[in-house]
file coords.csv (CSV, C-alpha atoms)
chain,number,residue,atom,x,y,z
A,19,MET,CA,0.0,0.0,0.0
A,20,LYS,CA,2.8,2.4,0.9
A,21,MET,CA,4.4,1.7,-2.5
A,22,ILE,CA,1.1,2.6,-4.3
A,23,LEU,CA,0.7,5.9,-2.4
A,24,MET,CA,4.3,6.8,-3.2
A,25,SER,CA,3.7,6.1,-6.9
A,26,LEU,CA,0.6,8.2,-7.0
A,27,MET,CA,2.4,11.1,-5.3
A,28,LEU,CA,5.2,10.9,-7.9
A,29,VAL,CA,2.7,10.8,-10.8
A,30,ALA,CA,0.7,13.8,-9.3
A,31,SER,CA,3.9,15.8,-8.8
A,32,ALA,CA,4.9,15.2,-12.4
A,33,GLY,CA,1.8,17.1,-13.5
A,34,VAL,CA,0.0,14.1,-15.0
A,35,PHE,CA,-3.2,15.1,-13.2
A,36,ALA,CA,-2.9,18.7,-14.2
A,37,GLN,CA,-5.7,20.0,-16.5
A,38,ALA,CA,-4.7,20.6,-20.1
A,39,LYS,CA,-4.4,24.3,-20.9
A,40,ARG,CA,-3.8,26.0,-24.3
A,41,SER,CA,-2.4,29.5,-24.4
A,42,ILE,CA,-2.9,31.6,-27.5
A,43,THR,CA,-2.1,35.3,-28.3
A,44,LEU,CA,-4.1,37.2,-30.8
A,45,VAL,CA,-3.1,40.6,-32.1
A,46,ASN,CA,-5.5,43.2,-33.6
A,47,TYR,CA,-4.0,45.0,-36.5
A,48,GLU,CA,-5.1,47.2,-39.4
A,49,THR,CA,-3.9,47.2,-43.0
A,50,ASP,CA,-5.5,49.2,-45.9
A,51,GLY,CA,-8.4,50.1,-43.6
A,52,VAL,CA,-9.2,46.5,-42.7
A,53,LYS,CA,-9.0,45.5,-39.1
A,54,GLN,CA,-8.8,41.9,-37.8
A,55,TRP,CA,-7.5,39.7,-35.0
A,56,LEU,CA,-4.5,37.5,-36.1
A,57,PRO,CA,-4.2,34.6,-36.3
A,58,GLY,CA,-7.6,34.4,-37.8
A,59,THR,CA,-8.0,30.7,-37.0
A,60,ILE,CA,-7.2,29.1,-33.7
A,61,ILE,CA,-7.4,25.4,-32.7
A,62,ALA,CA,-7.9,23.7,-29.3
A,63,LYS,CA,-8.7,20.2,-28.1
A,64,LYS,CA,-12.0,19.3,-26.6
A,65,GLY,CA,-11.6,19.5,-22.8
A,66,GLU,CA,-8.8,22.0,-22.7
A,67,THR,CA,-8.9,25.3,-20.8
A,68,VAL,CA,-8.2,27.9,-23.5
A,69,GLU,CA,-6.5,31.1,-22.4
A,70,ILE,CA,-6.4,33.8,-25.1
A,71,THR,CA,-4.3,36.9,-24.6
A,72,LEU,CA,-5.6,39.8,-26.7
A,73,ILE,CA,-3.4,42.7,-27.8
A,74,ASN,CA,-5.0,45.7,-29.6
A,75,ASN,CA,-2.4,47.5,-31.8
A,76,VAL,CA,-4.9,49.4,-33.9
A,77,PRO,CA,-4.5,53.2,-33.5
A,78,SER,CA,-8.3,53.9,-33.8
A,79,GLY,CA,-9.1,52.9,-30.2
A,80,ASP,CA,-11.0,50.2,-28.5
A,81,HIS,CA,-12.0,47.0,-30.2
A,82,GLY,CA,-14.1,44.0,-29.3
A,83,PHE,CA,-13.5,40.3,-29.3
A,84,MET,CA,-16.3,37.8,-29.1
A,85,ILE,CA,-16.8,34.0,-29.3
A,86,PRO,CA,-20.6,33.8,-28.9
A,87,ASN,CA,-20.8,30.0,-28.4
A,88,PHE,CA,-18.5,30.2,-25.4
A,89,LYS,CA,-19.9,33.4,-23.9
A,90,VAL,CA,-16.7,35.3,-24.4
A,91,MET,CA,-17.1,39.1,-25.0
A,92,GLU,CA,-14.4,41.6,-24.2
A,93,VAL,CA,-13.5,45.2,-25.1
A,94,VAL,CA,-9.7,45.6,-25.6
A,95,LYS,CA,-8.2,49.0,-25.2
A,96,LYS,CA,-5.2,50.1,-27.4
A,97,GLY,CA,-2.0,49.0,-25.8
A,98,VAL,CA,-3.6,47.0,-23.0
A,99,LYS,CA,-3.5,43.2,-22.9
A,100,LYS,CA,-6.7,41.4,-22.0
A,101,VAL,CA,-6.9,37.8,-21.1
A,102,VAL,CA,-10.0,35.6,-21.7
A,103,THR,CA,-10.4,32.0,-20.5
A,104,PHE,CA,-13.0,29.4,-21.2
A,105,LYS,CA,-13.3,25.6,-21.4
A,106,ALA,CA,-13.4,24.0,-24.8
A,107,GLU,CA,-16.4,21.8,-24.0
A,108,LYS,CA,-17.8,21.0,-27.4
A,109,GLU,CA,-16.2,20.0,-30.7
A,110,GLY,CA,-16.9,22.1,-33.8
A,111,LEU,CA,-16.1,25.2,-35.7
A,112,TYR,CA,-17.1,28.5,-34.0
A,113,GLU,CA,-17.2,32.2,-35.0
A,114,MET,CA,-14.9,34.8,-33.5
A,115,LYS,CA,-15.7,38.4,-34.2
A,116,CYS,CA,-15.6,42.0,-33.0
A,117,HIS,CA,-19.0,42.8,-31.4
A,118,MET,CA,-18.3,46.5,-31.5
A,119,HIS,CA,-17.5,46.8,-35.3
A,120,PRO,CA,-19.3,44.0,-37.2
A,121,ALA,CA,-17.8,45.0,-40.5
A,122,HIS,CA,-14.3,43.8,-39.3
A,123,VAL,CA,-12.9,40.6,-40.6
A,124,GLY,CA,-13.9,37.7,-38.3
A,125,GLY,CA,-12.1,34.5,-37.4
A,126,GLN,CA,-12.8,31.0,-36.3
A,127,LEU,CA,-12.1,28.7,-33.4
A,128,LEU,CA,-11.8,25.0,-34.2
A,129,ILE,CA,-12.3,22.5,-31.3
A,130,VAL,CA,-11.0,19.0,-32.3
A,131,PRO,CA,-11.4,15.7,-30.4
call {"tool": "encode", "arguments": {"input": "coords.csv", "output": "structure tokens"}}
result
Amino acid sequence: MKMILMSLMLVASAGVFAQAKRSITLVNYETDGVKQWLPGTIIAKKGETVEITLINNVPSGDHGFMIPNFKVMEVVKKGVKKVVTFKAEKEGLYEMKCHMHPAHVGGQLLIVP
């Protein structure tokens, strides 16, 4: 029994029981009057905790970031990093967009098995 407990402690200390986390950085930029978050497509695995760092580099002010299916909605001020976190609970392809300026180029989030 003592050997089993020691083995479990070693496995736990190695991080095997730690929850999977995916960290992604998106940067808002503008070229020829078109604003968008890059990269435009991001991928995560089902079950992961997804942490997205948003950086707004567009000189025209605040911009939005939204993933409606995961109830993510933030306003990102120029030069200020904003971090959003959610659980990738369901597989599929989901829309990412700016909820403040709908004419901007949107993106997509792909959750794979």
call {"tool": "residues_around", "arguments": {"input": "coords.csv", "residues": "segment 61-73 of chain A", "least_positions_apart": "4", "cutoff": "7 Å", "atoms": "only C-alpha atoms", "output": "JSON, numbers by chain"}}
result
{"A": [38, 39, 40, 41, 42, 43, 44, 45, 46, 97, 98, 99, 100, 101, 102, 103, 104, 105, 106, 107, 108, 109, 127, 128, 129, 130, 131]}
call {"tool": "axis_aligned_box", "arguments": {"input": "coords.csv", "around": "segment 57-73 of chain A", "padding_each_side": "5 Å", "output": "lines of an AutoDock Vina configuration file"}}
result
center_x = -7.7
center_y = 31.0
center_z = -29.3
size_x = 18.6
size_y = 33.4
size_z = 27.0
call {"tool": "closest_atom_pairs", "arguments": {"input": "coords.csv", "of": "segment 79-105 of chain A", "to": "segment 54-57 of chain A", "cutoff": "10 Å", "atoms": "only C-alpha atoms", "output": "Markdown table"}}
result
| residue | atom | partner | partner_atom | distance |
| --- | --- | --- | --- | --- |
| A:His81 | CA | A:Gln54 | CA | 9.7 |
| A:Gly82 | CA | A:Trp55 | CA | 9.7 |
| A:Phe83 | CA | A:Trp55 | CA | 8.3 |
call {"tool": "write_last_selection", "arguments": {"input": "coords.csv", "atoms": "C-alpha atoms", "output": "mmCIF file, in the frame of the given file"}}
result
data_model
loop_
_atom_site.group_PDB
_atom_site.id
_atom_site.type_symbol
_atom_site.label_atom_id
_atom_site.label_comp_id
_atom_site.auth_asym_id
_atom_site.auth_seq_id
_atom_site.Cartn_x
_atom_site.Cartn_y
_atom_site.Cartn_z
ATOM 1 C CA HIS A 81 -12.000 47.000 -30.200
ATOM 2 C CA GLY A 82 -14.100 44.000 -29.300
ATOM 3 C CA PHE A 83 -13.500 40.300 -29.300
#
call {"tool": "closest_residue", "arguments": {"input": "coords.csv", "among": "A:Lys115, A:Tyr47, A:Ile60, A:Gly125", "to": "Met91 of chain A", "atoms": "only C-alpha atoms"}}
result
A:Lys115
call {"tool": "atom_distance", "arguments": {"input": "coords.csv", "atom1": "atom CA of Asn74 of chain A", "atom2": "atom CA of Lys89 of chain A"}}
result
20.1 Å
call {"tool": "atom_distance", "arguments": {"input": "coords.csv", "atom1": "atom CA of Phe88 of chain A", "atom2": "atom CA of Ala121 of chain A"}}
result
21.2 Å
call {"tool": "atom_distance", "arguments": {"input": "coords.csv", "atom1": "atom CA of Glu48 of chain A", "atom2": "atom CA of Lys95 of chain A"}}
result
14.6 Å
